Structures are given as C-alpha cells and as structure tokens.
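Asks: Below you'll find start-v9.tsv; it's TSV, C-alpha atoms.
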```
chain	number	residue	atom	x	y	z
N	171	MET	CA	116.03	73.17	90.06
N	172	LYS	CA	113.65	70.41	91.21
N	173	LEU	CA	113.83	67.67	93.76
N	174	SER	CA	113.87	64.07	92.65
N	175	ARG	CA	111.74	62.95	95.60
N	176	LEU	CA	109.14	64.92	97.52
N	177	ALA	CA	109.99	62.93	100.67
N	178	TRP	CA	113.50	64.36	100.64
N	179	MET	CA	112.02	67.78	101.17
N	180	GLY	CA	110.79	66.74	104.60
N	181	VAL	CA	114.29	66.41	105.97
N	182	ALA	CA	116.18	68.92	103.87
N	183	ALA	CA	116.70	72.42	105.18
N	184	VAL	CA	118.15	75.66	103.92
N	185	VAL	CA	119.87	77.35	106.85
N	186	VAL	CA	120.30	81.12	106.93
N	187	THR	CA	122.06	82.86	109.81
N	188	GLY	CA	122.14	86.48	110.89
N	189	CYS	CA	120.66	88.95	113.32
N	190	SER	CA	119.90	92.15	111.41
N	191	SER	CA	116.27	91.36	110.54
N	192	VAL	CA	115.42	90.48	114.13
N	193	GLU	CA	116.94	93.74	115.38
N	194	LYS	CA	114.70	95.66	112.99
N	195	GLU	CA	111.67	94.00	114.54
N	196	ARG	CA	112.49	95.13	118.08
N	197	ALA	CA	111.73	98.39	119.84
N	198	SER	CA	114.66	100.47	121.03
N	199	GLY	CA	115.16	103.24	123.56
N	200	GLY	CA	114.45	103.51	127.26
N	201	PHE	CA	112.16	100.99	128.92
N	202	GLU	CA	112.16	102.22	132.52
N	203	TYR	CA	108.38	101.94	132.57
N	204	VAL	CA	108.56	98.13	132.63
N	205	ASN	CA	110.03	98.32	136.16
N	206	ILE	CA	107.26	100.51	137.59
N	207	GLN	CA	105.29	98.68	140.27
N	208	PRO	CA	101.54	99.04	140.81
N	209	THR	CA	100.54	101.62	143.38
N	210	ALA	CA	99.39	100.42	146.80
N	211	THR	CA	95.72	100.11	147.55
N	212	LEU	CA	94.01	103.07	149.16
N	213	ASN	CA	94.08	102.85	152.95
N	214	ILE	CA	91.16	104.52	154.70
N	215	PRO	CA	92.00	105.95	158.17
N	216	ASP	CA	89.81	104.97	161.06
N	217	GLY	CA	86.76	107.06	161.43
N	218	LEU	CA	86.47	107.93	157.73
N	219	GLU	CA	84.16	106.43	155.14
N	220	LYS	CA	85.53	104.79	151.99
N	221	PRO	CA	84.54	106.83	148.91
N	222	GLU	CA	82.34	105.24	146.31
N	223	LYS	CA	84.24	103.83	143.37
N	224	GLY	CA	82.90	104.75	139.97
N	225	THR	CA	82.97	102.39	137.03
N	226	GLN	CA	82.96	104.93	134.20
N	227	TYR	CA	86.73	104.81	133.75
N	228	GLN	CA	87.40	101.38	135.14
N	229	ILE	CA	90.08	99.39	133.29
N	230	PRO	CA	89.03	95.77	132.91
N	231	ASP	CA	91.23	93.09	134.37
N	232	THR	CA	93.35	91.34	131.70
N	233	ASN	CA	96.03	88.72	131.79
N	234	ILE	CA	99.00	90.55	130.28
N	235	ALA	CA	101.70	88.36	131.78
N	236	PRO	CA	102.47	86.52	128.48
N	237	ALA	CA	102.30	89.70	126.39
N	238	PRO	CA	105.57	91.27	125.16
N	239	VAL	CA	106.64	94.52	126.77
N	240	GLY	CA	109.58	96.86	126.38
N	241	TYR	CA	112.25	95.74	123.93
N	242	LYS	CA	110.32	92.52	123.26
N	243	VAL	CA	107.54	94.40	121.44
N	244	ASN	CA	107.59	93.70	117.69
N	245	ILE	CA	107.49	97.05	115.89
N	246	MET	CA	108.10	95.77	112.37
N	247	ALA	CA	106.14	97.63	109.69
N	248	PRO	CA	104.00	95.59	107.29
N	249	GLN	CA	105.68	94.92	103.97
N	250	GLN	CA	103.42	95.76	101.06
N	251	VAL	CA	103.16	93.81	97.83
N	252	ARG	CA	104.65	96.17	95.24
N	253	PRO	CA	103.28	95.74	91.68
N	254	ILE	CA	106.18	97.55	90.01
N	255	GLY	CA	106.16	95.54	86.79
N	256	LEU	CA	104.31	96.59	83.65
N	257	GLY	CA	100.97	94.79	83.64
N	258	SER	CA	101.13	93.83	87.35
N	259	ARG	CA	98.47	94.88	89.85
N	260	VAL	CA	96.98	94.12	93.26
N	261	LEU	CA	93.36	94.36	94.35
N	262	GLU	CA	92.37	96.87	97.02
N	263	THR	CA	90.25	94.21	98.71
N	264	GLU	CA	92.99	91.56	98.60
N	265	THR	CA	93.52	89.65	101.84
N	266	GLU	CA	96.04	87.13	100.46
N	267	THR	CA	99.67	87.75	99.47
N	268	ARG	CA	98.84	87.78	95.79
N	269	VAL	CA	99.60	89.74	92.61
N	270	TYR	CA	97.97	89.72	89.18
N	271	PHE	CA	99.81	89.94	85.86
N	272	ASP	CA	98.30	90.90	82.50
N	273	ILE	CA	100.14	89.90	79.34
N	274	VAL	CA	102.24	92.74	77.88
N	275	ASP	CA	104.93	93.11	75.22
N	276	GLY	CA	107.95	90.94	75.87
N	277	MET	CA	106.07	88.08	77.54
N	278	GLY	CA	105.66	86.06	74.38
N	279	ASP	CA	102.50	84.02	73.86
N	280	SER	CA	101.94	82.92	77.47
N	281	VAL	CA	101.87	85.16	80.53
N	282	THR	CA	101.42	82.02	82.63
N	283	GLU	CA	104.70	80.45	81.53
N	284	PHE	CA	106.52	83.80	81.69
N	285	VAL	CA	105.54	84.44	85.33
N	286	ARG	CA	106.12	80.82	86.32
N	287	GLN	CA	109.64	80.83	84.93
N	288	ALA	CA	110.41	84.10	86.74
N	289	ALA	CA	109.29	82.52	90.02
N	290	PHE	CA	111.48	79.47	89.44
N	291	ASP	CA	114.44	81.70	88.59
N	292	VAL	CA	114.08	83.54	91.91
N	293	LEU	CA	113.94	80.28	93.87
N	294	GLU	CA	116.95	78.93	92.02
N	295	ARG	CA	118.91	82.14	92.61
N	296	ARG	CA	118.18	81.79	96.34
N	297	ASP	CA	119.30	78.16	96.16
N	298	VAL	CA	115.86	76.98	97.28
N	299	GLN	CA	114.61	73.68	95.91
N	300	TRP	CA	110.97	72.94	95.18
N	301	GLU	CA	108.60	70.28	93.95
N	302	GLU	CA	105.23	70.30	92.26
N	303	ALA	CA	102.55	69.65	94.88
N	304	GLY	CA	99.45	69.77	92.67
N	305	ASP	CA	98.02	71.51	89.63
N	306	ASN	CA	99.77	74.88	89.38
N	307	ARG	CA	101.00	74.58	92.97
N	308	TRP	CA	104.59	74.23	94.18
N	309	LEU	CA	106.05	73.59	97.62
N	310	THR	CA	109.61	74.45	98.61
N	311	GLU	CA	111.86	72.48	100.88
N	312	GLN	CA	111.89	73.33	104.56
N	313	MET	CA	114.00	76.36	105.33
N	314	THR	CA	115.54	77.30	108.65
N	315	VAL	CA	116.51	80.84	109.64
N	316	GLN	CA	118.86	81.00	112.62
N	317	GLN	CA	119.55	84.34	114.32
N	318	THR	CA	120.86	85.71	117.60
N	319	ILE	CA	118.76	88.11	119.65
N	320	GLU	CA	120.77	90.45	121.80
N	321	GLY	CA	119.53	90.53	125.38
N	322	ASP	CA	118.27	93.66	127.07
N	323	SER	CA	120.86	95.26	129.36
N	324	GLY	CA	118.15	96.35	131.77
N	325	PHE	CA	117.93	99.64	133.67
N	326	PHE	CA	121.50	100.88	134.33
N	327	GLY	CA	122.74	97.37	133.52
N	328	ILE	CA	120.63	95.76	136.25
N	329	GLY	CA	118.02	93.10	135.61
N	330	GLY	CA	118.91	92.53	131.96
N	331	GLU	CA	118.58	89.38	129.90
N	332	SER	CA	121.30	87.41	128.14
N	333	ASP	CA	121.47	86.83	124.39
N	334	SER	CA	119.25	84.07	123.04
N	335	ASP	CA	119.09	82.03	119.85
N	336	LEU	CA	116.11	82.33	117.52
N	337	GLU	CA	115.22	79.70	114.94
N	338	ARG	CA	112.39	79.95	112.43
N	339	THR	CA	111.43	77.12	110.08
N	340	PHE	CA	108.90	77.25	107.26
N	341	ARG	CA	108.11	76.34	103.66
N	342	TYR	CA	106.93	78.53	100.81
N	343	GLU	CA	103.87	77.50	98.84
N	344	LEU	CA	103.32	79.09	95.42
N	345	THR	CA	99.94	78.87	93.71
N	346	GLN	CA	99.17	80.15	90.22
N	347	GLU	CA	95.71	80.75	88.81
N	348	THR	CA	95.19	81.73	85.16
N	349	GLU	CA	92.02	83.18	83.66
N	350	SER	CA	90.25	81.15	80.97
N	351	HIS	CA	91.13	83.75	78.33
N	352	GLN	CA	94.83	83.11	79.10
N	353	ARG	CA	95.72	86.81	79.13
N	354	SER	CA	95.91	87.23	82.91
N	355	THR	CA	97.41	85.14	85.68
N	356	ALA	CA	97.63	85.46	89.47
N	357	LEU	CA	100.45	84.28	91.73
N	358	ARG	CA	99.96	83.74	95.47
N	359	VAL	CA	102.64	83.03	98.08
N	360	ASP	CA	101.84	81.33	101.39
N	361	ILE	CA	103.98	80.25	104.35
N	362	ASN	CA	103.41	76.68	105.58
N	363	ASP	CA	104.62	74.76	108.64
N	364	PHE	CA	105.92	77.90	110.37
N	365	THR	CA	107.55	77.48	113.78
N	366	GLN	CA	109.60	79.83	115.95
N	367	VAL	CA	111.90	78.66	118.73
N	368	VAL	CA	113.63	81.16	121.05
N	369	GLY	CA	116.14	79.91	123.58
N	370	GLY	CA	114.99	76.35	123.02
N	371	GLU	CA	111.30	77.11	123.64
N	372	GLN	CA	108.66	77.29	120.92
N	373	GLN	CA	106.86	80.62	120.83
N	374	GLU	CA	103.92	82.17	119.06
N	375	VAL	CA	104.76	84.73	116.40
N	376	ALA	CA	102.89	87.77	115.17
N	377	PRO	CA	100.97	87.15	111.90
N	378	LEU	CA	102.81	90.16	110.50
N	379	VAL	CA	106.09	88.22	110.55
N	380	VAL	CA	104.61	85.50	108.37
N	381	ARG	CA	102.96	88.02	106.05
N	382	ASN	CA	106.24	89.90	105.57
N	383	LEU	CA	108.05	86.68	104.65
N	384	GLU	CA	105.41	86.00	102.01
N	385	ALA	CA	105.58	89.55	100.64
N	386	ASP	CA	109.38	89.43	100.51
N	387	LEU	CA	109.37	86.46	98.12
N	388	LEU	CA	106.45	87.75	96.06
N	389	ASN	CA	108.10	91.15	95.60
N	390	ALA	CA	111.29	89.45	94.44
N	391	ILE	CA	109.27	87.52	91.84
N	392	ILE	CA	107.49	90.69	90.68
N	393	SER	CA	110.88	92.38	90.22
N	394	GLU	CA	112.13	89.39	88.24
N	395	VAL	CA	109.06	89.44	85.97
N	396	ASN	CA	109.65	93.16	85.39
N	397	ARG	CA	113.36	92.64	84.67
N	398	LYS	CA	112.76	89.78	82.23
N	399	GLN	CA	109.95	91.65	80.48
N	400	GLN	CA	111.99	94.83	80.00
N	401	LEU	CA	114.97	92.82	78.80
N	402	ALA	CA	112.80	90.99	76.26
N	403	VAL	CA	111.37	94.27	74.95
N	404	ALA	CA	114.87	95.76	74.65
N	405	ARG	CA	116.01	92.72	72.69
N	406	GLU	CA	113.00	92.95	70.39
N	407	LYS	CA	113.68	96.63	69.73
N	408	ALA	CA	117.36	95.95	69.12
N	409	ALA	CA	116.40	93.33	66.55
N	410	GLY	CA	114.14	95.83	64.75
N	411	ILE	CA	110.52	95.67	63.66
N	412	GLU	CA	109.69	93.01	61.11
N	413	THR	CA	107.51	93.39	58.03
N	414	ARG	CA	105.86	90.55	56.10
N	415	LEU	CA	103.62	90.05	53.11
N	416	SER	CA	99.99	89.06	53.50
N	417	LYS	CA	96.72	88.91	51.60
N	418	ALA	CA	93.89	91.32	52.37
N	419	ALA	CA	90.27	90.17	52.46
N	420	GLU	CA	89.88	91.52	48.92
N	421	GLY	CA	92.68	89.24	47.74
N	422	ASN	CA	95.36	91.86	47.09
N	423	SER	CA	98.86	91.78	48.61
N	424	VAL	CA	99.66	94.13	51.53
N	425	PHE	CA	102.62	94.85	53.77
N	426	ILE	CA	102.15	93.91	57.45
N	427	VAL	CA	104.32	95.95	59.80
N	428	GLU	CA	104.48	93.98	63.05
N	429	ASP	CA	103.84	96.86	65.41
N	430	SER	CA	101.02	99.16	66.45
N	431	PHE	CA	99.80	102.00	64.26
N	432	GLU	CA	101.30	104.52	66.71
N	433	GLN	CA	104.75	103.03	66.18
N	434	ALA	CA	104.40	102.15	62.51
N	435	TRP	CA	103.18	105.58	61.35
N	436	PRO	CA	106.47	107.51	61.79
N	437	LEU	CA	108.60	104.47	60.80
N	438	VAL	CA	106.85	104.07	57.44
N	439	ASN	CA	107.44	107.76	56.74
N	440	LEU	CA	111.19	107.37	57.28
N	441	ALA	CA	111.34	104.07	55.45
N	442	LEU	CA	109.63	105.45	52.35
N	443	GLN	CA	112.07	108.35	52.11
N	444	ASN	CA	114.95	105.92	52.61
N	445	ILE	CA	114.02	103.86	49.52
N	446	GLY	CA	113.22	106.71	47.15
N	447	PHE	CA	109.64	107.81	47.84
N	448	GLU	CA	109.32	111.54	48.45
N	449	VAL	CA	106.49	112.30	50.88
N	450	GLU	CA	104.55	115.22	49.40
N	451	ASP	CA	101.61	115.18	51.78
N	452	LEU	CA	100.11	113.09	54.57
N	453	ASN	CA	96.87	112.62	56.48
N	454	ARG	CA	97.28	110.89	59.81
N	455	GLU	CA	93.53	110.63	60.42
N	456	THR	CA	93.14	108.44	57.35
N	457	GLY	CA	96.60	106.90	57.77
N	458	THR	CA	97.70	107.97	54.29
N	459	TYR	CA	101.07	109.06	52.88
N	460	PHE	CA	100.95	110.76	49.46
N	461	VAL	CA	104.30	110.10	47.78
N	462	GLU	CA	106.10	110.36	44.47
N	463	TYR	CA	108.69	107.93	43.21
N	464	SER	CA	111.49	108.86	40.84
N	465	GLU	CA	114.18	106.59	39.54
N	466	PRO	CA	117.62	107.28	41.04
N	467	GLY	CA	119.47	110.05	39.18
N	468	SER	CA	116.40	111.22	37.25
N	469	GLY	CA	115.98	114.59	38.98
N	470	PHE	CA	116.27	117.95	37.20
N	471	LEU	CA	119.92	119.02	36.81
N	472	PHE	CA	120.89	115.95	38.84
N	473	ILE	CA	124.37	116.22	40.31
N	474	GLY	CA	125.94	113.41	42.32
N	475	GLY	CA	124.12	110.19	43.20
N	476	ASP	CA	121.02	109.15	45.08
N	477	ASP	CA	121.41	106.99	48.20
N	478	TYR	CA	118.73	104.46	47.24
N	479	GLU	CA	118.60	101.61	44.78
N	480	ASP	CA	116.26	101.46	41.80
N	481	LEU	CA	113.13	99.57	42.84
N	482	GLY	CA	112.27	98.62	39.26
N	483	ILE	CA	108.80	100.20	39.39
N	484	ALA	CA	107.25	102.96	37.32
N	485	ALA	CA	107.88	106.52	38.44
N	486	GLY	CA	104.82	108.41	39.55
N	487	GLU	CA	102.52	109.23	42.44
N	488	TYR	CA	101.36	106.62	44.94
N	489	GLU	CA	99.41	106.43	48.19
N	490	PHE	CA	100.49	104.26	51.14
N	491	ARG	CA	97.46	103.69	53.37
N	492	LEU	CA	98.08	102.39	56.89
N	493	LEU	CA	95.36	100.60	58.83
N	494	GLU	CA	95.43	99.15	62.35
N	495	ASP	CA	95.28	95.36	62.08
N	496	GLY	CA	95.03	93.96	65.62
N	497	GLU	CA	98.47	94.45	67.18
N	498	ASN	CA	99.99	95.04	63.72
N	499	THR	CA	99.59	97.59	60.93
N	500	SER	CA	98.64	96.76	57.35
N	501	VAL	CA	99.92	98.93	54.49
N	502	THR	CA	98.01	98.99	51.20
N	503	VAL	CA	99.49	100.83	48.19
N	504	TYR	CA	97.34	102.67	45.65
N	505	GLN	CA	98.14	104.30	42.32
N	506	GLY	CA	95.31	106.63	41.54
N	507	ASP	CA	92.12	104.84	42.59
N	508	GLU	CA	93.50	101.35	42.00
N	509	ILE	CA	95.43	99.05	44.29
N	510	VAL	CA	98.81	98.24	42.82
N	511	SER	CA	99.43	94.73	41.50
N	512	ASP	CA	100.91	91.88	43.51
N	513	GLU	CA	103.95	92.05	41.25
N	514	TRP	CA	104.48	95.70	42.27
N	515	VAL	CA	104.24	94.80	45.98
N	516	ASN	CA	106.67	91.91	45.59
N	517	GLN	CA	109.10	94.17	43.74
N	518	VAL	CA	109.17	96.74	46.57
N	519	PHE	CA	108.83	94.35	49.53
N	520	GLU	CA	112.48	93.60	50.36
N	521	ALA	CA	113.56	97.24	50.19
N	522	PHE	CA	110.56	98.38	52.26
N	523	LYS	CA	111.04	95.59	54.83
N	524	ASN	CA	114.74	96.37	55.29
N	525	ALA	CA	114.11	100.11	55.57
N	526	VAL	CA	111.44	99.70	58.27
N	527	LYS	CA	113.70	97.40	60.26
N	528	GLN	CA	116.68	99.74	59.91
N	529	GLN	CA	114.71	102.81	60.99
N	530	SER	CA	113.24	101.00	64.00
N	531	GLN	CA	116.76	100.23	65.24
N	532	LEU	CA	117.86	103.87	65.24
```
If you convert what's in this file into structure tokens, what do you get?
Replies:
Amino acid sequence: MKLSRLAWMGVAAVVVTGCSSVEKERASGGFEYVNIQPTATLNIPDGLEKPEKGTQYQIPDTNIAPAPVGYKVNIMAPQQVRPIGLGSRVLETETETRVYFDIVDGMGDSVTEFVRQAAFDVLERRDVQWEEAGDNRWLTEQMTVQQTIEGDSGFFGIGGESDSDLERTFRYELTQETESHQRSTALRVDINDFTQVVGGEQQEVAPLVVRNLEADLLNAIISEVNRKQQLAVAREKAAGIETRLSKAAEGNSVFIVEDSFEQAWPLVNLALQNIGFEVEDLNRETGTYFVEYSEPGSGFLFIGGDDYEDLGIAAGEYEFRLLEDGENTSVTVYQGDEIVSDEWVNQVFEAFKNAVKQQSQL
C-alpha cells in the first residue's frame, strides 16, 4: 500500500487510542516519600560553637524540580530486538535498532526482496501507509497515539492530580542495506519527528520510549520474515523434491536431486527400492549404493506380483554414486567399472524422478 503523493503524508495521521501501554510505563505503589519536607537547618544555641562541616559525604546541589518523581517515573523495561527467524541475527555491539538476515531455504533467490516484502506486509496489516524516501529507504505517514493517563490520587486522596491526555506523534523510517554478495541484508528502523504532548503541553520523553517503539515494529517484521520463510519451506516440502537430468563434466548423463546430500542420501535409498532396485550394500562415506535389478516377476518361485513397473533395462548389478553438487546432489550410475549409457539414464529417469518426489512427500 503506497501513497500517491509524498506531500499527503505530511497531513495524514493514523490515530490509535488507549491507555494500557502508558500504565505499564508508570511506577505503582505508595509514594508517601514525595511529601516529605527537607529537615530544618541546624540551630546552634547561644554560647556553643558550630561544628565543622565535612565535605566527604556532601551531596552536590542539583536542580531536580523538573525531574519525574513518584508515579511519574518511567519504569518501562527496554524492549530487545529478538532475532527469532532462521538466518536472523543481531550484533553484540549494535547501537541502532537493526537486524541482519542471511539467505536461507524458502527465501527464493533474493533475501533482500523477501525481507522487504515482509516489512511491507506488516505495515499494510497495521494499516500504515508509506512512501519511498530514497534508495532502499521508506518513510511512513505521520502516526498519532492518543492515550489517557490516570491521575495520582495522592496520599489518602489528598493532593492528587486529575487525569490528563497524552498524545504522541511520529513516523517510522525503514532503511535496508544489502551486502555486495547479495546473500545478507540488514534492516534498520528509526523513529522520526517524535513529539509528546501531555495535558496540552509538549514534554520531553525518555529515549527508551522511542527505542521501544522502534523495536516493536522491527520485531513484528522479524516474526513476519520467520512466518513467511517457514511457510515457504513447508510448501516446498509438500510439493516434493525435484530431480532433473544434467550432463557431468565428462559428458555423461546424471540425475540431479535438488536437495543436499544429507537429505538426498536416504531418499535415493527408498526411491531405488520403490522402482525395483534391491539395495545389497551401501557405503555412505563414498556415497554409493550397491544394487541389483530384476525384472518384475522374475524371482525364484515367484508368487503374486511386484509393485513396480518394468524399467526396460537389463537385469544385473549397478552402483548409484551420490556426490554433493553445491546445494544439490548428483547421482551417477555405474555397471561394473563403466558409466551407464545416456539411453539407460533416460530410460530410468521418469521412474526415478517420481519415486524421489513421492518419498520426499511422506
């Protein structure tokens, strides 16, 4: 959701009302100490000498009149940036409200676009409009938060204060920075144009209030990135792992299982048995399955029927050798010391592809 004119953002406002968040910021309990008056100065009777005043424990004079006391003290705890998503992290030395994302499964080809879309989805869900304010920088419309602060009843109901209205206005600024290798991106949230008015008078606000507003939005974006990433991975798994044909550097045809060796190793085992290859031995260190293929119904004293279709290849012993190929796994088939022909691979491909996909969905 974008604005048609940046100027419109200057007058638009999202108004939120409530009082619960303000109450959480305030101290509670007894505040009798605020009514204690300073003790009188020491009067020295006639005929006695005034004792010397030491300076070792002297409290310096300070102007505390404007400082909050009692129920006016802000006790809100700092809200931390929570990198709960896979691939998200914060730096221990970070002074900004910022989180870093590394590309992981489910984010597609661009972690930058994935995180950016998650941020826009959060703003849209909150009904907050925004506009691009520069390269990889976005500025939201002005938002206004209106709340009621309950007045202090005072000591035994005497000397209390009446309720007052609080109004905070601000804008969010989102800035994204992506590394040159395109596999990591950072998102920072800042609060701009912040003002606080209580009872019609503008007041200073603790930096913690601003920081917590920034962290609140950033944590919502992190949660959205995590939700979208997990949902994408679940959809990919539900669709099953794909297998395709490719050419090795030597020029022979190979199967490419589009998953890591760790995932492909057990799937290939199940897939081979599903299409008629009996696994007689295996060596995980070399990534090799030693198998034997028999035509359906050709077993000794065969009774009943086999649950696989005839692949149209010669019966005999074969080796399926798996090798990590980047994020995928290549599968080369040998018969004896020779790589099988391209015709053999093409003959088996569809059955092998379907079996891998089916087993990955279970």
Asks: Distance atom CA of Gln517 of chain N-atom CA of Glu428 of chain N, one decimal place?
Replies: 19.9 Å
Asks: I'd like to know which of N:Glu264, N:Asp360, N:Gln352, N:Asn389 is closest to Asp279 of chain N, using all atoms listed in the file.
Replies: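 Distance minimum relative to Asp279 of chain N lands on N:Gln352.
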Asks: I'd like to know which of N:Val510, N:Gln372, N:Ile206, N:Ala289 is closest to Asn396 of chain N, using all atoms listed in the file.
Replies: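 Distance minimum relative to Asn396 of chain N lands on N:Ala289.
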Asks: Report as a Markdown table: every residue of segment 367-411 of chain N with an atom at most 12 Å from segment 432-448 of chain N, its closest pair of atoms, and their distance in Å to one decimal, counting all atoms listed in the file, with rows sorted by chain and ascending residue number.
Replies:
```
| residue | atom | partner | partner_atom | distance |
| --- | --- | --- | --- | --- |
| N:Lys407 | CA | N:Gln433 | CA | 11.5 |
| N:Gly410 | CA | N:Leu437 | CA | 11.0 |
| N:Ile411 | CA | N:Ala434 | CA | 9.0 |
```
Asks: Near Tyr270 of chain N, counting all atoms listed in the file, which residues have an atom at most 9 Å away, once you skip same-chain residues fewer than 4 positions from it, shown as number ranges by chain?
Replies: N: 253, 257-261, 354-358
Asks: Based on the selection just made, write C-alpha atoms of those residues as a PDB file, keeping the file's coordinate frame.
Replies:
```pdb
ATOM      1  CA  PRO N 253     103.280  95.740  91.680  1.00  0.00           C
ATOM      2  CA  GLY N 257     100.970  94.790  83.640  1.00  0.00           C
ATOM      3  CA  SER N 258     101.130  93.830  87.350  1.00  0.00           C
ATOM      4  CA  ARG N 259      98.470  94.880  89.850  1.00  0.00           C
ATOM      5  CA  VAL N 260      96.980  94.120  93.260  1.00  0.00           C
ATOM      6  CA  LEU N 261      93.360  94.360  94.350  1.00  0.00           C
ATOM      7  CA  SER N 354      95.910  87.230  82.910  1.00  0.00           C
ATOM      8  CA  THR N 355      97.410  85.140  85.680  1.00  0.00           C
ATOM      9  CA  ALA N 356      97.630  85.460  89.470  1.00  0.00           C
ATOM     10  CA  LEU N 357     100.450  84.280  91.730  1.00  0.00           C
ATOM     11  CA  ARG N 358      99.960  83.740  95.470  1.00  0.00           C
TER      12      ARG N 358
END
```
Asks: Quick one: which segment 377-445 of chain N residues come within 9 Å of segment 492-504 of chain N, and what is the nearest atom pair for each with the distance in Å to one decimal, counting only C-alpha atoms, rows ordered by chain and ascending number, as CSV?
Replies:
```
residue,atom,partner,partner_atom,distance
N:Ser416,CA,N:Ser500,CA,8.7
N:Ala418,CA,N:Ser500,CA,8.8
N:Asn422,CA,N:Thr502,CA,8.6
N:Ser423,CA,N:Thr502,CA,7.7
N:Val424,CA,N:Thr502,CA,5.1
N:Phe425,CA,N:Val501,CA,4.9
N:Ile426,CA,N:Ser500,CA,4.5
N:Val427,CA,N:Thr499,CA,5.1
N:Glu428,CA,N:Asn498,CA,4.7
N:Asp429,CA,N:Asn498,CA,4.6
N:Ser430,CA,N:Asn498,CA,5.0
N:Phe431,CA,N:Thr499,CA,5.5
N:Ala434,CA,N:Thr499,CA,6.8
N:Trp435,CA,N:Leu492,CA,7.5
N:Val438,CA,N:Leu492,CA,8.9
```
Asks: To one decimal in Å, tell me the separation between atom CA of Val359 of chain N and atom CA of Leu383 of chain N.
Replies: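 Atom CA of Leu383 of chain N lies 9.3 Å from atom CA of Val359 of chain N.
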Asks: When you count all atoms listed in the file, which of these residues is closest to Tyr478 of chain N: N:Glu371, N:Glu465, N:Glu394, N:Glu406?
Replies: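 Smallest distance to Tyr478 of chain N is found for N:Glu465.
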Asks: Could you please determine the separation between atom CA of Gly486 of chain N and atom CA of Gly506 of chain N in Å, to one decimal place?
Replies: 9.9 Å
Asks: Would you please work out which residue, of N:Glu412, N:Glu219, N:Glu384, N:Glu508, is nearest to Arg268 of chain N when using all atoms listed in the file?
Replies: N:Glu384
Asks: Counting only C-alpha atoms, figure out which residue out of N:Gly304, N:Arg341, N:Asp333, N:Gln399 gets nearest to Val285 of chain N.
Replies: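 Going through N:Gly304, N:Arg341, N:Asp333, N:Gln399 one by one, the smallest distance to Val285 of chain N is for N:Gln399.
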Asks: Would you please work out which residue, of N:Glu374, N:Glu294, N:Glu347, N:Glu311, is nearest to Ile361 of chain N when using only C-alpha atoms?
Replies: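 Looking at the shortest contact to Ile361 of chain N, the residue is N:Glu311.
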Asks: Complete segment 207-213 of chain N at the level of all heavy atoms, written as a compact mmCIF listing (two decimals), keeping the file's coordinate frame.
Replies:
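Once written, rebuild_36.txt looks like this:
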```
# COMPACT_ATOMS: atom_id res chain seq x y z
N GLN N 207 106.16 99.58 139.54
CA GLN N 207 105.29 98.68 140.27
C GLN N 207 103.91 99.32 140.47
O GLN N 207 103.77 100.55 140.53
CB GLN N 207 105.91 98.35 141.64
CG GLN N 207 107.26 97.66 141.55
CD GLN N 207 107.17 96.35 140.80
OE1 GLN N 207 106.24 95.57 141.01
NE2 GLN N 207 108.15 96.10 139.93
N PRO N 208 102.89 98.49 140.57
CA PRO N 208 101.54 99.04 140.81
C PRO N 208 101.48 99.80 142.12
O PRO N 208 102.17 99.47 143.10
CB PRO N 208 100.66 97.79 140.85
CG PRO N 208 101.45 96.72 140.16
CD PRO N 208 102.89 97.03 140.43
N THR N 209 100.68 100.84 142.15
CA THR N 209 100.54 101.62 143.38
C THR N 209 99.79 100.81 144.44
O THR N 209 99.00 99.91 144.10
CB THR N 209 99.77 102.92 143.09
OG1 THR N 209 98.50 102.58 142.53
CG2 THR N 209 100.54 103.80 142.13
N ALA N 210 100.05 101.14 145.70
CA ALA N 210 99.39 100.42 146.80
C ALA N 210 97.91 100.75 146.84
O ALA N 210 97.45 101.78 146.32
CB ALA N 210 100.06 100.79 148.12
N THR N 211 97.15 99.85 147.41
CA THR N 211 95.72 100.11 147.55
C THR N 211 95.49 101.27 148.50
O THR N 211 96.32 101.59 149.36
CB THR N 211 95.01 98.86 148.08
OG1 THR N 211 95.58 98.49 149.32
CG2 THR N 211 95.13 97.71 147.08
N LEU N 212 94.35 101.90 148.35
CA LEU N 212 94.01 103.07 149.16
C LEU N 212 93.65 102.63 150.58
O LEU N 212 92.75 101.81 150.78
CB LEU N 212 92.83 103.82 148.52
CG LEU N 212 92.38 105.09 149.22
CD1 LEU N 212 93.50 106.13 149.20
CD2 LEU N 212 91.12 105.64 148.53
N ASN N 213 94.36 103.15 151.54
CA ASN N 213 94.08 102.85 152.95
C ASN N 213 93.20 103.95 153.53
O ASN N 213 93.54 105.15 153.46
CB ASN N 213 95.37 102.73 153.75
CG ASN N 213 96.22 101.54 153.32
OD1 ASN N 213 95.67 100.48 153.03
ND2 ASN N 213 97.53 101.73 153.28
```
